[in-house]
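Enquirer: Below is the file coords28.cif, which contains mmCIF, C-alpha atoms.
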```
data_model
loop_
_atom_site.label_atom_id
_atom_site.label_comp_id
_atom_site.auth_asym_id
_atom_site.auth_seq_id
_atom_site.Cartn_x
_atom_site.Cartn_y
_atom_site.Cartn_z
CA MET D 1 100.73 88.71 82.01
CA THR D 2 99.37 85.39 80.99
CA GLU D 3 96.24 83.66 82.21
CA ALA D 4 98.42 80.92 83.74
CA ARG D 5 100.41 83.40 85.82
CA THR D 6 97.44 85.51 86.84
CA PRO D 7 94.39 83.28 87.10
CA LEU D 8 90.84 84.50 87.57
CA TRP D 9 89.27 85.07 90.99
CA GLU D 10 85.60 85.63 91.78
CA VAL D 11 84.86 88.58 94.04
CA PHE D 12 82.17 88.68 96.72
CA ILE D 13 81.33 91.77 98.74
CA ARG D 14 79.26 92.19 101.89
CA PRO D 15 77.68 95.64 101.75
CA ARG D 16 76.61 95.95 105.38
CA ASN D 17 76.69 94.04 108.63
CA GLY D 18 73.98 91.42 108.70
CA LEU D 19 73.76 91.03 104.93
CA SER D 20 75.43 88.22 103.03
CA HIS D 21 78.32 88.45 100.59
CA LYS D 22 77.18 88.95 97.00
CA HIS D 23 79.03 88.10 93.83
CA VAL D 24 80.10 91.33 92.12
CA GLY D 25 82.57 90.27 89.43
CA SER D 26 86.05 88.91 88.95
CA VAL D 27 89.70 89.98 88.84
CA HIS D 28 92.97 88.55 87.56
CA ALA D 29 95.74 88.18 90.13
CA ALA D 30 98.86 86.12 90.78
CA ASP D 31 97.78 84.92 94.23
CA ALA D 32 95.18 85.33 96.96
CA THR D 33 96.78 88.39 98.60
CA MET D 34 97.00 90.28 95.33
CA ALA D 35 93.52 89.15 94.35
CA LEU D 36 92.10 90.61 97.54
CA GLN D 37 93.86 93.92 96.90
CA ALA D 38 92.71 93.97 93.28
CA ALA D 39 89.14 93.26 94.40
CA ARG D 40 89.34 96.12 96.89
CA ASP D 41 90.72 98.46 94.23
CA VAL D 42 88.29 97.52 91.49
CA TYR D 43 85.03 96.89 93.36
CA THR D 44 84.95 99.03 96.52
CA ARG D 45 85.75 102.47 95.12
CA ARG D 46 82.35 103.91 96.01
CA GLY D 47 81.99 102.59 99.53
CA GLU D 48 80.29 99.38 98.43
CA GLY D 49 81.64 97.07 101.06
CA LEU D 50 82.67 96.19 104.58
CA SER D 51 84.08 92.79 103.71
CA VAL D 52 85.57 91.22 100.59
CA TRP D 53 86.00 87.56 99.67
CA VAL D 54 87.94 86.24 96.72
CA VAL D 55 87.65 82.67 95.50
CA PRO D 56 89.69 81.03 92.72
CA SER D 57 87.29 80.74 89.79
CA ALA D 58 88.74 77.33 88.99
CA GLU D 59 87.53 76.08 92.40
CA ILE D 60 83.89 76.78 91.61
CA THR D 61 81.85 73.81 90.47
CA ALA D 62 79.00 75.04 88.32
CA SER D 63 75.88 73.40 86.97
CA ASP D 64 75.86 72.70 83.24
CA PRO D 65 73.52 75.08 81.36
CA ALA D 66 72.49 72.09 79.23
CA ASP D 67 71.05 70.46 82.37
CA LYS D 68 68.74 73.33 83.16
CA ASP D 69 65.55 71.51 82.10
CA ALA D 70 66.32 68.53 84.31
CA LEU D 71 67.51 70.61 87.22
CA PHE D 72 65.12 73.52 87.34
CA GLU D 73 62.07 72.88 85.18
CA PRO D 74 60.35 70.42 87.59
CA THR D 75 59.83 73.16 90.20
CA ALA D 76 57.68 75.24 87.89
CA SER D 77 54.61 73.07 88.51
CA LYS D 78 54.93 73.10 92.31
CA ILE D 79 53.36 76.39 93.18
CA TYR D 80 52.34 75.01 96.60
CA ARG D 81 55.93 75.47 97.67
CA HIS D 82 55.47 79.22 97.67
CA PRO D 83 54.10 80.55 100.96
CA THR D 84 51.13 82.23 99.31
CA PHE D 85 48.29 80.01 100.56
CA TYR D 86 48.10 81.24 104.12
CA GLU D 87 45.45 83.61 105.41
CA VAL D 88 47.24 86.36 107.30
CA PRO D 89 45.14 87.35 110.35
CA ASP D 90 44.09 91.00 110.44
CA GLU D 91 45.89 91.45 113.77
CA VAL D 92 49.20 90.93 111.99
CA GLU D 93 49.69 94.36 110.54
CA ASN D 94 53.12 94.08 109.00
CA MET D 95 54.08 90.88 107.27
CA MET C 1 105.20 122.01 125.28
CA ALA C 2 108.05 124.09 123.95
CA GLN C 3 107.98 127.09 121.64
CA GLU C 4 104.92 127.57 119.44
CA ALA C 5 105.55 127.43 115.72
CA SER C 6 104.95 130.61 113.72
CA THR C 7 102.03 130.72 111.31
CA THR C 8 104.40 131.33 108.41
CA SER C 9 106.32 128.19 109.29
CA ILE C 10 103.18 126.08 109.48
CA VAL C 11 102.00 127.45 106.12
CA THR C 12 105.37 126.62 104.54
CA PHE C 13 105.30 123.17 106.07
CA LEU C 14 101.74 122.42 104.89
CA THR C 15 102.67 123.59 101.41
CA ARG C 16 105.78 121.42 101.36
CA LEU C 17 103.80 118.41 102.48
CA GLY C 18 101.06 119.21 99.97
CA ASP C 19 103.67 119.42 97.19
CA ASP C 20 104.90 115.88 97.95
CA GLN C 21 101.40 114.47 97.73
CA LEU C 22 100.36 116.49 94.67
CA VAL C 23 103.43 115.68 92.61
CA LEU C 24 103.36 111.95 93.37
CA GLY C 25 99.58 111.95 92.84
CA HIS C 26 100.13 113.56 89.45
CA ARG C 27 102.76 110.98 88.53
CA LEU C 28 100.30 108.20 89.40
CA SER C 29 97.62 109.87 87.29
CA GLU C 30 99.95 109.53 84.29
CA TRP C 31 99.35 105.76 84.47
CA CYS C 32 95.61 106.15 83.98
CA GLY C 33 94.73 104.03 80.96
CA HIS C 34 98.32 102.76 80.58
CA ALA C 35 98.85 100.35 83.49
CA PRO C 36 99.86 96.74 82.79
CA THR C 37 96.46 95.39 83.86
CA LEU C 38 92.99 96.80 84.41
CA GLU C 39 93.20 95.95 88.12
CA GLU C 40 96.44 97.87 88.51
CA ASP C 41 95.18 100.76 86.41
CA LEU C 42 92.50 101.30 89.04
CA ALA C 43 94.87 100.66 91.94
CA LEU C 44 97.35 103.30 90.74
CA ALA C 45 94.60 105.83 90.04
CA ASN C 46 93.07 105.12 93.47
CA MET C 47 96.37 105.88 95.17
CA GLY C 48 96.81 109.00 93.03
CA LEU C 49 93.39 110.25 94.05
CA ASP C 50 94.16 109.61 97.73
CA LEU C 51 97.32 111.70 97.42
CA ILE C 52 95.67 114.51 95.47
CA GLY C 53 92.90 114.57 98.10
CA GLN C 54 95.54 114.95 100.81
CA ALA C 55 97.22 117.74 98.84
CA ARG C 56 93.89 119.55 98.51
CA ALA C 57 93.29 119.43 102.26
CA LEU C 58 96.84 120.59 103.02
CA TYR C 59 96.77 123.46 100.51
CA THR C 60 93.32 124.58 101.64
CA ARG C 61 94.47 124.67 105.24
CA ALA C 62 97.67 126.52 104.25
CA GLY C 63 95.58 129.13 102.42
CA GLU C 64 93.25 129.59 105.41
CA LEU C 65 96.14 130.06 107.83
CA GLU C 66 97.97 132.40 105.49
CA GLY C 67 94.85 134.56 105.19
CA GLU C 68 95.72 136.12 101.85
CA GLY C 69 92.89 134.57 99.91
CA ARG C 70 94.86 131.78 98.24
CA GLY C 71 92.92 128.57 97.68
CA GLU C 72 93.98 125.03 96.77
CA ASP C 73 94.14 125.84 93.05
CA ASP C 74 96.50 128.77 93.63
CA PHE C 75 98.90 126.45 95.40
CA ALA C 76 98.57 123.58 92.95
CA TYR C 77 98.51 125.42 89.64
CA LEU C 78 99.80 128.95 89.92
CA ARG C 79 103.24 128.72 91.47
CA ARG C 80 106.58 128.58 89.70
CA GLU C 81 108.84 125.56 89.70
CA VAL C 82 111.20 127.04 92.31
CA ASP C 83 108.25 127.53 94.68
CA TYR C 84 107.52 123.79 94.85
CA GLN C 85 109.33 122.17 97.75
CA ASN C 86 108.55 118.52 97.09
CA LEU C 87 111.05 115.70 97.47
CA LEU C 88 112.96 114.91 94.29
CA LEU C 89 111.90 111.29 94.73
CA VAL C 90 108.24 112.02 93.95
CA GLU C 91 108.97 113.98 90.77
CA ARG C 92 111.11 111.22 89.25
CA PRO C 93 109.57 109.93 86.02
CA ASN C 94 107.43 106.81 86.32
CA GLY C 95 109.65 104.67 84.11
CA ASP C 96 108.36 101.11 84.05
CA PHE C 97 105.93 99.58 86.52
CA ALA C 98 108.76 98.34 88.78
CA ARG C 99 110.13 101.84 89.16
CA THR C 100 106.69 103.34 89.80
CA ILE C 101 105.84 100.78 92.45
CA LEU C 102 109.24 101.09 94.16
CA LYS C 103 108.89 104.88 94.30
CA GLN C 104 105.48 104.38 95.88
CA PHE C 105 106.89 101.90 98.37
CA TYR C 106 109.77 104.15 99.43
CA PHE C 107 107.40 107.07 99.91
CA ALA C 108 104.59 105.16 101.65
CA ALA C 109 107.10 103.49 104.01
CA PHE C 110 108.03 107.01 105.09
CA MET C 111 104.61 108.64 105.06
CA THR C 112 102.80 105.95 107.04
CA PRO C 113 104.84 106.46 110.24
CA PHE C 114 105.02 110.18 109.49
CA TRP C 115 101.21 110.49 109.37
CA GLN C 116 100.94 108.32 112.48
CA GLY C 117 103.24 110.73 114.30
CA THR C 118 101.33 113.71 112.95
CA SER C 119 97.88 112.43 113.91
CA ASN C 120 98.42 113.80 117.44
CA SER C 121 99.80 117.10 116.16
CA SER C 122 99.36 120.21 118.28
CA ASP C 123 97.75 121.71 115.17
CA GLU C 124 94.23 120.25 115.20
CA ALA C 125 93.54 120.73 111.50
CA LEU C 126 96.76 118.95 110.56
CA ALA C 127 96.02 116.18 113.06
CA ALA C 128 92.66 115.59 111.36
CA ILE C 129 94.26 115.48 107.90
CA ALA C 130 96.87 113.04 109.21
CA ALA C 131 94.28 110.78 110.82
CA LYS C 132 92.56 110.36 107.46
CA ALA C 133 95.78 110.14 105.45
CA VAL C 134 97.34 107.42 107.59
CA LYS C 135 94.60 104.97 106.54
CA GLU C 136 95.24 105.72 102.89
CA SER C 137 98.99 105.56 103.25
CA THR C 138 98.82 102.24 105.10
CA TYR C 139 97.10 100.70 102.11
CA HIS C 140 99.60 102.27 99.67
CA LEU C 141 102.39 100.73 101.70
CA ARG C 142 100.76 97.30 101.78
CA HIS C 143 99.96 97.31 98.08
CA SER C 144 103.34 98.57 96.88
CA ALA C 145 105.24 96.27 99.26
CA GLU C 146 103.43 93.18 97.95
CA TRP C 147 104.37 94.17 94.40
CA VAL C 148 108.02 94.82 95.33
CA ILE C 149 108.18 91.29 96.75
CA ARG C 150 106.51 89.70 93.74
CA LEU C 151 108.60 91.57 91.17
CA GLY C 152 111.88 91.26 93.07
CA ASP C 153 111.31 87.58 93.74
CA GLY C 154 109.53 86.92 90.43
CA THR C 155 110.88 86.14 86.98
CA ALA C 156 114.40 86.98 85.76
CA GLU C 157 112.88 89.90 83.87
CA SER C 158 110.91 91.32 86.80
CA ALA C 159 113.82 90.84 89.22
CA ASN C 160 116.15 92.69 86.88
CA ARG C 161 113.70 95.55 86.44
CA MET C 162 113.22 95.86 90.19
CA LYS C 163 116.98 95.89 90.72
CA CYS C 164 117.35 98.65 88.11
CA ALA C 165 114.61 100.61 89.89
CA VAL C 166 116.46 100.32 93.20
CA ASP C 167 119.69 101.48 91.53
CA ASP C 168 117.87 104.45 90.01
CA LEU C 169 115.86 105.62 92.99
CA HIS C 170 117.65 104.70 96.18
CA ALA C 171 119.87 107.80 96.19
CA TYR C 172 116.72 109.94 96.35
CA THR C 173 115.49 108.42 99.62
CA ASP C 174 117.86 110.32 101.95
CA GLU C 175 116.04 113.56 101.24
CA MET C 176 113.01 112.33 103.18
CA PHE C 177 115.00 112.34 106.44
CA GLN C 178 116.73 115.72 106.13
CA SER C 179 116.30 118.21 108.96
CA ASP C 180 116.29 121.93 108.51
CA ALA C 181 115.26 124.97 110.56
CA LEU C 182 111.62 124.40 109.62
CA THR C 183 111.40 120.73 110.61
CA LYS C 184 113.16 121.53 113.89
CA GLU C 185 110.80 124.38 114.72
CA LEU C 186 107.73 122.25 113.98
CA ALA C 187 109.02 119.25 115.89
CA GLY C 188 109.79 121.51 118.85
CA ALA C 189 106.23 122.84 118.79
CA GLY C 190 104.72 119.35 118.50
CA VAL C 191 103.26 120.07 115.06
CA ALA C 192 104.98 117.22 113.23
CA PRO C 193 107.71 114.66 113.93
CA GLU C 194 111.31 115.33 112.91
CA PRO C 195 111.69 113.39 109.64
CA ALA C 196 115.03 112.00 110.83
CA THR C 197 113.28 110.16 113.67
CA ILE C 198 111.30 108.15 111.11
CA LYS C 199 114.36 106.70 109.44
CA VAL C 200 114.51 103.69 111.80
CA GLN C 201 110.96 102.61 110.94
CA TRP C 202 111.55 103.25 107.26
CA GLN C 203 114.70 101.16 107.26
CA ALA C 204 112.91 98.36 109.08
CA SER C 205 110.15 98.31 106.43
CA VAL C 206 112.62 98.41 103.55
CA THR C 207 114.82 95.70 105.08
CA GLU C 208 111.86 93.39 105.70
CA ILE C 209 110.44 93.78 102.21
CA PHE C 210 113.79 93.71 100.40
CA ASP C 211 114.71 90.50 102.25
CA ALA C 212 111.49 88.89 101.04
CA ALA C 213 112.09 90.28 97.55
CA ASN C 214 115.72 89.11 97.28
CA LEU C 215 116.82 92.69 96.81
CA ALA C 216 119.94 94.25 98.29
CA ILE C 217 119.84 97.70 99.88
CA PRO C 218 122.54 99.74 98.17
CA GLU C 219 124.83 102.20 99.90
CA ILE C 220 124.05 105.80 99.06
CA ALA C 221 127.33 107.28 97.83
CA TRP C 222 125.85 110.66 96.94
CA PRO C 223 122.39 111.57 98.22
CA GLN C 224 120.23 113.47 95.75
CA LEU C 225 118.90 116.58 97.50
CA GLY C 226 117.46 119.94 96.55
CA GLY C 227 113.70 119.64 96.22
CA ARG C 228 113.07 121.16 99.65
CA GLN C 229 114.95 124.27 98.45
CA GLY C 230 113.07 124.41 95.15
CA GLU C 231 115.98 122.97 93.18
CA HIS C 232 114.37 120.38 90.98
CA THR C 233 115.38 117.86 88.37
CA GLU C 234 114.79 118.62 84.71
CA ASP C 235 111.69 116.43 84.74
CA MET C 236 109.83 118.74 87.12
CA GLY C 237 109.35 121.47 84.50
CA HIS C 238 107.76 118.99 82.13
CA LEU C 239 105.52 117.68 84.90
CA LEU C 240 104.35 121.20 85.80
CA ALA C 241 103.75 122.09 82.15
CA GLU C 242 101.17 119.33 81.96
CA LEU C 243 99.80 119.84 85.47
CA GLN C 244 99.36 123.60 85.11
CA PHE C 245 98.40 123.83 81.44
CA MET C 246 94.65 124.32 81.88
CA GLN C 247 94.91 127.01 84.56
CA ARG C 248 97.64 128.84 82.67
CA ALA C 249 95.80 128.70 79.34
CA TYR C 250 92.35 129.45 80.80
CA PRO C 251 92.90 131.38 84.05
CA GLY C 252 90.22 130.77 86.64
CA LEU C 253 88.73 127.86 84.69
CA GLN C 254 86.26 125.84 86.79
CA TRP C 255 84.55 122.54 86.13
#
```
Go through the file and emit its structure as structure tokens.
Expert:
Amino acid sequence: MTEARTPLWEVFIRPRNGLSHKHVGSVHAADATMALQAARDVYTRRGEGLSVWVVPSAEITASDPADKDALFEPTASKIYRHPTFYEVPDEVENM
Amino acid sequence: MAQEASTTSIVTFLTRLGDDQLVLGHRLSEWCGHAPTLEEDLALANMGLDLIGQARALYTRAGELEGEGRGEDDFAYLRREVDYQNLLLVERPNGDFARTILKQFYFAAFMTPFWQGTSNSSDEALAAIAAKAVKESTYHLRHSAEWVIRLGDGTAESANRMKCAVDDLHAYTDEMFQSDALTKELAGAGVAPEPATIKVQWQASVTEIFDAANLAIPEIAWPQLGGRQGEHTEDMGHLLAELQFMQRAYPGLQW
């Protein structure tokens, strides 16, 4: 089977109700129906999931690794964005 | 409710049903590491494990009812070829992927309604096994049917292979619907549906999928029968040689 006939699909699984889908890997399949079945067969063999999504890998727009300085470096100096400067009152026991 | 079924009959029936699942499960296990793609390697092994799990439950229950101390391994590994009463369909060699997937489709299209009908069996243990098995079988049916469509309606090569598979295997499908004294007794006692009553649903599934796959349903000139009486094809001996080797060579081996 060639890459053209069986393109790549990204697989996302939701482990439990209330949690979000997480990327777990990818499969090759001819179409969406077969991709979903392949994802089920490959990634949910140990009871990992309650819901599976598959997305054509070609449909994902990704950031360029070469841009990482411009995209992500500027946040490093903005520690005030982390919620670590609040005094938690003693009355709040679990936070 | 009519006549109760005898314990001997239920044991024979459970064993027969277990043999179908074990032998097809074993055939699927032969694909492990050899399937056309990694995804399908896992899919075939998954289905094989479902079937072997069903066989284990059926054999274990048969041994309990029989009360002579036989466990699942005794049924699976220590009987002779003539003692296996599986359908000839399930012992047919895998051949290529088209043939394997068609065999799975034919069988799952039968077993899914069969397990549905058995999930309200008058035998509670069998009803519980059926309730679990029907979920597994439903997926086997869905998966194999999608492949039959894609291969039958695919390239010239895949369509030809699927057509050859139909020509090879279709004559083995009639055996699924055969009645005998045992199936009648169990149907009368509400243990399991008469296989013949499932033929309508099976035909509906096959017609729907074959239509989508551009495949014709051939006439069966000469049905291939015999498995239920322990009369197997030549391939069965080879299958059992591999299946039983460890227990025959190292009796009582555990792991």
Enquirer: When distances are computed from all atoms listed in the file, which of C:Val191, C:Val11, C:Leu24, C:Leu253 shows the smallest separation from C:Arg61?
Expert: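 So, comparing all the options, the nearest one is C:Val11.
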Enquirer: Could you list the residues chosen by the PyMOL selection byres ((chain D) within 7 of (chain C)) in this structure as a PyMOL selection string?
Expert: chain D and resi 27+38+41-42
Enquirer: Could you please take those selected residues and save C-alpha atoms as a PDB file, in the frame of the given file?
Expert:
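Wrote result-v1.pdb, looks like this:
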```pdb
ATOM      1  CA  VAL D  27      89.700  89.980  88.840  1.00  0.00           C
ATOM      2  CA  ALA D  38      92.710  93.970  93.280  1.00  0.00           C
ATOM      3  CA  ASP D  41      90.720  98.460  94.230  1.00  0.00           C
ATOM      4  CA  VAL D  42      88.290  97.520  91.490  1.00  0.00           C
TER       5      VAL D  42
END
```
Enquirer: Do a neighbour search on C:Phe75 at 9 Å with all atoms listed in the file, toss out local chain neighbours closer than 5 positions, and write the hits as an MDAnalysis selection string.
Expert: chainID C and resid 15 18:19 59:60 62:63 70
Enquirer: I would like the residues chosen by the PyMOL selection byres ((chain D and resi 22) around 10) on the shown file; could you give them as a PyMOL selection string?
Expert: chain D and resi 11-15+19-21+23-25+52-53
Enquirer: Can you report as lines of an AutoDock Vina configuration file the centre and edge lengths in Å, to one decimal, of an axis-aligned box around the listed atoms of stretch 34-39 of chain D padded with 6 Å on each side?
Expert:
```
center_x = 93.1
center_y = 91.6
center_z = 95.4
size_x = 19.9
size_y = 16.8
size_z = 16.3
```
Enquirer: Applying 9 Å and all atoms listed in the file, which residues near D:Ala58 remain after dropping the ones on its own chain fewer than 6 positions away? List them as a list in words.
Expert: Pro7, Leu8 and Trp9 of chain D
Enquirer: Can you tell me which residues surround stretch 236-243 of chain C at a distance of at most 9 Å, considering all atoms listed in the file, apart from same-chain residues fewer than 3 positions away, and format the answer as a PyMOL selection string?
Expert: chain C and resi 23+26-27+76-77+80-81+88+91-93+232-233+246-247
Enquirer: Kindly give the distance, in Å, that separates atom CA of C:Ala181 and atom CA of C:Thr112, rounded to a single decimal.
Expert: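 Computed distance, atom CA of C:Ala181 to atom CA of C:Thr112, equals 23.0 Å.
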Enquirer: Apply the PyMOL selection byres ((chain C and resi 180) around 12) to the file shown and report the selected residues as an NGL selection string.
Expert: :C and (9 or 13 or 175-179 or 181-187 or 194-196 or 228-229)
Enquirer: Tell me which of C:Asp96, C:Glu64, C:Ala125, C:Leu78 sits closest to C:Tyr250, counting all atoms listed in the file.
Expert: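 Nearest to C:Tyr250: C:Leu78.
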Enquirer: For C:Gly227, please output as a PyMOL selection string all residues within 8 Å (counting all atoms listed in the file; exclusion window: fewer than 4 positions along the same chain).
Expert: chain C and resi 84-88+231-232
Enquirer: Enter the distance from atom CA of C:Gly154 to atom CA of C:Ser29, in Å, rounded to one decimal.
Expert: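 Separation between atom CA of C:Gly154 and atom CA of C:Ser29: 26.0 Å.
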Enquirer: So which one's closest to C:Thr155, D:Arg5, D:Ala76, D:Gly18, D:Ala29? Using only C-alpha atoms, please.
Expert: D:Arg5
Enquirer: Could you name the residues that touch C:Leu151 at 9 Å or less, counting all atoms listed in the file, but leaving out those on the same chain fewer than 2 positions away, as a VMD selection string?
Expert: chain C and resid 98 146 to 149 153 to 155 157 to 162 213
Enquirer: So that I have them on file, write out the residues from the current selection with C-alpha atoms, as a PDB file, keeping the file's coordinate frame.
Expert:
```pdb
ATOM      1  CA  ALA C  98     108.760  98.340  88.780  1.00  0.00           C
ATOM      2  CA  GLU C 146     103.430  93.180  97.950  1.00  0.00           C
ATOM      3  CA  TRP C 147     104.370  94.170  94.400  1.00  0.00           C
ATOM      4  CA  VAL C 148     108.020  94.820  95.330  1.00  0.00           C
ATOM      5  CA  ILE C 149     108.180  91.290  96.750  1.00  0.00           C
ATOM      6  CA  ASP C 153     111.310  87.580  93.740  1.00  0.00           C
ATOM      7  CA  GLY C 154     109.530  86.920  90.430  1.00  0.00           C
ATOM      8  CA  THR C 155     110.880  86.140  86.980  1.00  0.00           C
ATOM      9  CA  GLU C 157     112.880  89.900  83.870  1.00  0.00           C
ATOM     10  CA  SER C 158     110.910  91.320  86.800  1.00  0.00           C
ATOM     11  CA  ALA C 159     113.820  90.840  89.220  1.00  0.00           C
ATOM     12  CA  ASN C 160     116.150  92.690  86.880  1.00  0.00           C
ATOM     13  CA  ARG C 161     113.700  95.550  86.440  1.00  0.00           C
ATOM     14  CA  MET C 162     113.220  95.860  90.190  1.00  0.00           C
ATOM     15  CA  ALA C 213     112.090  90.280  97.550  1.00  0.00           C
TER      16      ALA C 213
END
```
Enquirer: Rounded to one decimal, what separation in Å do you get between atom CA of D:Glu10 and atom CA of D:Ser57?
Expert: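 Atom-to-atom, atom CA of D:Glu10 to atom CA of D:Ser57, that is 5.5 Å.
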Enquirer: Using all atoms listed in the file, can you tell me which of C:Thr197, C:Val82, C:Gln104, C:Asp74 comes closest to C:Ser144?
Expert: C:Gln104
